[in-house]
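> For reference, the file target-v6.cif (mmCIF, C-alpha atoms and all ligand atoms) is included below:
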```cif
data_final
loop_
_atom_site.label_atom_id
_atom_site.label_comp_id
_atom_site.auth_asym_id
_atom_site.auth_seq_id
_atom_site.Cartn_x
_atom_site.Cartn_y
_atom_site.Cartn_z
CA MET P 1 -2.42 7.04 -11.18
CA ASP P 2 -5.89 6.22 -9.77
CA GLN P 3 -6.34 7.93 -6.42
CA THR P 4 -10.07 7.16 -6.11
CA PRO P 5 -10.41 5.14 -2.92
CA GLN P 6 -12.20 1.82 -3.27
CA VAL P 7 -13.90 0.27 -0.21
CA ARG P 8 -14.67 -3.43 -0.12
CA GLU P 9 -14.45 -6.50 2.08
CA ALA P 10 -11.00 -8.05 2.33
CA THR P 11 -10.33 -11.50 0.94
CA ALA P 12 -8.86 -14.21 3.18
CA ALA P 13 -5.57 -13.90 1.29
CA GLU P 14 -5.39 -10.20 2.21
CA ARG P 15 -5.46 -10.80 5.98
CA PRO P 16 -1.65 -10.50 6.39
CA GLU P 17 -1.68 -7.18 4.52
CA VAL P 18 -4.52 -5.94 6.73
CA ALA P 19 -2.51 -6.93 9.82
CA GLU P 20 0.50 -5.02 8.54
CA VAL P 21 -1.50 -1.87 7.73
CA THR P 22 -2.94 -2.05 11.25
CA ARG P 23 0.48 -2.53 12.84
CA LEU P 24 1.91 0.49 10.98
CA SER P 25 -1.15 2.63 11.76
CA TYR P 26 -1.05 1.93 15.50
CA ALA P 27 2.75 2.21 15.87
CA GLN P 28 2.37 5.81 17.07
CA TYR P 29 0.87 4.46 20.32
CA ALA P 30 3.95 2.40 21.19
CA VAL P 31 5.44 5.54 22.75
CA GLY P 32 4.49 5.44 26.39
CA SER P 33 4.23 1.63 26.62
CA THR P 34 6.96 -0.74 27.60
CA PRO P 35 8.41 -2.75 24.66
CA GLU P 36 7.07 -5.93 26.30
CA PHE P 37 3.55 -4.57 26.58
CA TRP P 38 3.63 -3.32 23.00
CA ALA P 39 4.95 -6.62 21.63
CA ARG P 40 2.11 -8.47 23.39
CA TYR P 41 -0.44 -5.98 22.08
CA GLU P 42 0.86 -6.33 18.50
CA ASP P 43 0.86 -10.13 18.75
CA SER P 44 -2.72 -10.33 19.99
CA THR P 45 -3.92 -7.82 17.40
CA ARG P 46 -2.20 -9.68 14.59
CA LYS P 47 -3.68 -12.99 15.74
CA LYS P 48 -7.18 -11.51 15.83
CA LEU P 49 -6.80 -10.03 12.35
CA LEU P 50 -5.38 -13.22 10.86
CA GLU P 51 -7.52 -15.82 12.62
CA ASP P 52 -10.96 -14.51 13.61
CA ASP P 53 -13.29 -16.14 11.09
CA ASP P 54 -16.43 -14.64 12.64
CA ALA P 55 -15.27 -11.07 12.03
CA ARG P 56 -15.60 -9.20 8.74
CA ARG P 57 -12.85 -6.98 7.36
CA PHE P 58 -13.23 -3.86 5.24
CA VAL P 59 -10.34 -2.29 3.40
CA VAL P 60 -9.71 0.86 1.40
CA LEU P 61 -7.48 0.55 -1.63
CA THR P 62 -5.78 3.29 -3.57
CA ASP P 63 -3.76 2.33 -6.63
CA GLY P 64 -4.49 -1.31 -5.88
CA ARG P 65 -2.85 -1.15 -2.43
CA ILE P 66 -4.55 -1.55 0.95
CA VAL P 67 -4.03 1.70 2.85
CA ALA P 68 -6.75 1.45 5.52
CA SER P 69 -8.82 -1.22 7.23
CA VAL P 70 -11.31 -2.03 9.95
CA LEU P 71 -12.65 -5.14 11.65
CA TRP P 72 -16.40 -5.66 12.21
CA CYS P 73 -17.13 -8.14 14.99
CA PRO P 74 -20.55 -9.70 15.62
CA PRO P 75 -22.14 -9.56 19.10
CA ASN P 76 -20.62 -11.79 21.79
CA GLU P 77 -21.28 -12.70 25.43
CA GLN P 78 -19.97 -9.36 26.70
CA ASN P 79 -21.59 -7.16 24.05
CA PRO P 80 -25.07 -7.56 22.55
CA TYR P 81 -24.19 -5.28 19.60
CA PRO P 82 -21.68 -5.56 16.75
CA GLU P 83 -18.40 -3.79 17.37
CA MET P 84 -16.15 -1.84 15.04
CA ARG P 85 -12.54 -2.59 15.94
CA LEU P 86 -9.00 -1.68 14.91
CA LEU P 87 -9.88 1.18 12.59
CA ALA P 88 -6.56 1.92 10.90
CA VAL P 89 -5.43 4.38 8.23
CA LEU P 90 -1.76 4.50 7.23
CA PRO P 91 -0.26 7.81 8.46
CA GLU P 92 0.49 9.08 4.95
CA HIS P 93 -3.17 8.59 3.90
CA ARG P 94 -4.90 10.35 6.79
CA ASN P 95 -7.35 13.24 6.66
CA ARG P 96 -8.73 12.14 3.30
CA LYS P 97 -11.96 10.68 4.76
CA LEU P 98 -10.78 7.08 4.47
CA GLY P 99 -11.57 6.51 8.14
CA ASP P 100 -14.99 7.95 7.46
CA LEU P 101 -15.56 5.52 4.57
CA LEU P 102 -14.73 2.57 6.82
CA ILE P 103 -16.99 3.76 9.65
CA LYS P 104 -19.83 4.07 7.13
CA ALA P 105 -19.12 0.56 5.77
CA CYS P 106 -19.40 -0.86 9.31
CA GLU P 107 -22.61 1.06 10.00
CA THR P 108 -24.16 -0.14 6.72
CA LEU P 109 -23.26 -3.75 7.47
CA THR P 110 -24.73 -3.40 10.96
CA ARG P 111 -28.05 -2.21 9.51
CA THR P 112 -28.00 -4.90 6.83
CA GLU P 113 -27.48 -7.56 9.50
CA GLY P 114 -30.54 -6.22 11.35
CA PHE P 115 -28.89 -4.68 14.45
CA GLU P 116 -30.16 -1.42 15.93
CA ALA P 117 -26.81 -0.14 17.17
CA ILE P 118 -23.06 -0.40 16.66
CA THR P 119 -20.40 -0.10 19.35
CA LEU P 120 -16.66 0.51 19.68
CA HIS P 121 -13.95 1.04 22.27
CA THR P 122 -11.49 3.88 22.46
CA THR P 123 -9.12 5.41 25.02
CA ALA P 124 -7.71 8.71 26.22
CA LEU P 125 -4.63 7.94 24.08
CA MET P 126 -6.72 8.38 20.93
CA PRO P 127 -8.22 11.90 21.03
CA THR P 128 -8.42 12.25 17.23
CA ALA P 129 -10.46 9.07 16.90
CA ARG P 130 -12.63 9.90 19.91
CA SER P 131 -13.68 13.31 18.67
CA MET P 132 -14.21 11.85 15.23
CA TYR P 133 -16.62 9.25 16.65
CA GLU P 134 -18.45 11.84 18.75
CA ARG P 135 -18.97 14.06 15.68
CA ARG P 136 -20.49 11.05 13.96
CA GLY P 137 -23.07 10.39 16.68
CA TYR P 138 -21.23 7.87 18.92
CA ARG P 139 -22.00 8.35 22.61
CA PRO P 140 -20.40 6.91 25.77
CA PHE P 141 -21.78 3.45 26.62
CA PRO P 142 -20.28 2.68 30.04
CA ASP P 143 -21.71 -0.86 30.02
CA LEU P 144 -18.72 -1.72 27.82
CA ASP P 145 -16.02 0.16 29.77
CA PHE P 146 -13.20 -1.91 31.19
CA GLU P 147 -9.95 -1.26 33.05
CA PRO P 148 -7.08 -3.40 31.72
CA ALA P 149 -4.62 -1.71 34.10
CA PRO P 150 -5.41 0.25 37.30
CA GLY P 151 -6.41 3.80 36.35
CA PHE P 152 -6.44 3.15 32.60
CA VAL P 153 -10.01 2.91 31.36
CA VAL P 154 -10.99 1.72 27.90
CA TRP P 155 -14.28 3.45 27.09
CA GLY P 156 -17.23 1.87 25.34
CA TYR P 157 -19.20 3.92 22.80
CA LYS P 158 -22.47 3.20 21.04
CA LYS P 159 -24.36 4.68 18.10
CA ARG P 160 -28.03 3.91 17.59
CA LEU P 161 -28.79 3.34 13.93
CA ALA P 162 -32.36 4.40 13.16
C1 LIG A 1 -8.31 7.72 13.63
C2 LIG A 1 -7.98 7.42 12.15
C3 LIG A 1 -8.54 6.07 11.77
C4 LIG A 1 -8.67 8.52 11.31
O1 LIG A 1 -8.49 8.20 9.92
P1 LIG A 1 -8.63 9.33 8.78
O2 LIG A 1 -8.72 8.64 7.47
O3 LIG A 1 -7.60 10.37 8.96
O4 LIG A 1 -10.08 9.92 9.15
P2 LIG A 1 -10.93 10.99 8.35
O5 LIG A 1 -10.09 11.68 7.32
O6 LIG A 1 -12.19 10.33 7.87
O7 LIG A 1 -11.36 11.99 9.51
C5 LIG A 1 -10.40 12.50 10.41
C6 LIG A 1 -11.07 13.51 11.31
O8 LIG A 1 -10.17 13.83 12.38
C7 LIG A 1 -9.82 15.22 12.35
N1 LIG A 1 -8.42 15.33 12.76
C8 LIG A 1 -7.33 15.08 12.06
N2 LIG A 1 -6.23 15.29 12.79
C9 LIG A 1 -6.66 15.68 14.02
C10 LIG A 1 -6.00 16.02 15.22
N3 LIG A 1 -4.67 16.03 15.32
N4 LIG A 1 -6.76 16.35 16.29
C11 LIG A 1 -8.12 16.36 16.22
N5 LIG A 1 -8.80 16.03 15.08
C12 LIG A 1 -8.07 15.70 14.01
C13 LIG A 1 -10.08 15.62 10.92
O9 LIG A 1 -10.31 17.01 10.80
C14 LIG A 1 -11.35 14.81 10.60
O10 LIG A 1 -12.46 15.44 11.22
P3 LIG A 1 -14.01 15.25 10.81
O11 LIG A 1 -14.65 14.47 11.91
O12 LIG A 1 -14.55 16.64 10.75
O13 LIG A 1 -14.07 14.51 9.49
C15 LIG A 1 -6.45 7.50 11.88
O14 LIG A 1 -5.95 8.70 12.40
C16 LIG A 1 -5.66 6.32 12.49
O15 LIG A 1 -5.50 5.28 11.88
N6 LIG A 1 -5.16 6.54 13.73
C17 LIG A 1 -4.37 5.49 14.43
C18 LIG A 1 -5.24 4.32 14.85
C19 LIG A 1 -6.44 4.77 15.70
O16 LIG A 1 -6.35 5.60 16.59
N7 LIG A 1 -7.61 4.15 15.41
C20 LIG A 1 -8.82 4.36 16.16
C21 LIG A 1 -8.80 3.55 17.41
S1 LIG A 1 -10.25 3.77 18.38
#
```
What would the structure in this file look like if it were written as structure tokens?

Amino acid sequence: MDQTPQVREATAAERPEVAEVTRLSYAQYAVGSTPEFWARYEDSTRKKLLEDDDARRFVVLTDGRIVASVLWCPPNEQNPYPEMRLLAVLPEHRNRKLGDLLIKACETLTRTEGFEAITLHTTALMPTARSMYERRGYRPFPDLDFEPAPGFVVWGYKKRLA
């Protein structure tokens, strides 16, 4: 059994598998939302992962199976920097530095594409991810903050890549 994780870009045919890994990885956050809200969130996430042709997707495979993924989105009208989105590691594969491998893949691509910084969003619901980003040099970037519901702020973060 080959447990050495392999990181690479996903093929177009793998998009449904990436969407499923993401769904399973984020399921822990359904607690605390209404079923309607969560169904809408899952639908929009799945659509983004299946249909966004401008984004790039990285995956980690162990034993030939996708167990983790991330989406790299180019700058847009709201954000002048690339953004790392939907970082997802299946629960049974966590704490083995797979998340770290995917963050590094996004940072490398950002440098290769000639950008000086990479951004992301996170929330108070995701303390593990937030402290992980802060340990890796990500800092609050309030320009990207937004409030999808009163009192619930989604925080922007940025890391300058020298
Ligand atoms: C966040 C996530 C991607 C991390 O993946 P991972 O493969 O376990 O990450 P790594 O093994 O590379 O690193 C995990 C880090 O979190 C730490 N950690 C693990 N469990 C923790 C916990 N309960 N509380 C605080 N820190 C924790 C680890 O010690 C490690 O620390 P490090 O910064 O010193 O390396 C994964 O937990 C996940 O998919 N979560 C659900 C989706 C999510 O929240 N995505 C991010 C959205 S912004």
> Please find the residues contacting ligand LIG 1 (chain A) at a distance of at most 9 Å between atoms, with all atoms listed in the file counted, and report them as a VMD selection string.
chain P and resid 22 24 to 29 68 to 70 84 to 91 93 to 103 120 to 123 125 to 136
> To test the calculation: enclose all listed atoms of stretch 142-154 of chain P in a box whose edges run along x, y and z, add 4 Å on each side, then state centre and edge lengths in Å to one decimal, as AutoDock Vina command-line options.

```
--center_x -13.2 --center_y 0.2 --center_z 32.6 --size_x 25.1 --size_y 15.2 --size_z 17.5
```
> In Å, how far is it from atom CA of P:Thr34 to atom CA of P:Arg57?
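Straight-line distance from atom CA of P:Thr34 to atom CA of P:Arg57 works out to 29.0 Å.
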> What is the atom CA of P:Phe115-atom CA of P:Lys159 distance in Å, reported with one decimal?
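Straight-line distance from atom CA of P:Phe115 to atom CA of P:Lys159 works out to 11.0 Å.
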> Can you tell me how far atom CA of P:Arg56 sits from atom CA of P:Ala30, in Å to one decimal?
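Going from atom CA of P:Arg56 over to atom CA of P:Ala30 covers 25.9 Å.
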> I want to know what sits within 12 Å of P:Asn76, based on only C-alpha atoms, with residues of the same chain fewer than 3 positions away left out; could you give that as a list in words?
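What passes the distance filter is Asp54, Ala55, Cys73, Asn79, Pro80, Tyr81, Pro82, Glu83, Thr119 and Leu144 of chain P.
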> P:Gln3: which residues within 9 Å, counting only C-alpha atoms, same-chain residues fewer than 6 positions away excluded, as a list in words?
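Non-adjacent residues within range: Leu61, Thr62 and Asp63 of chain P.
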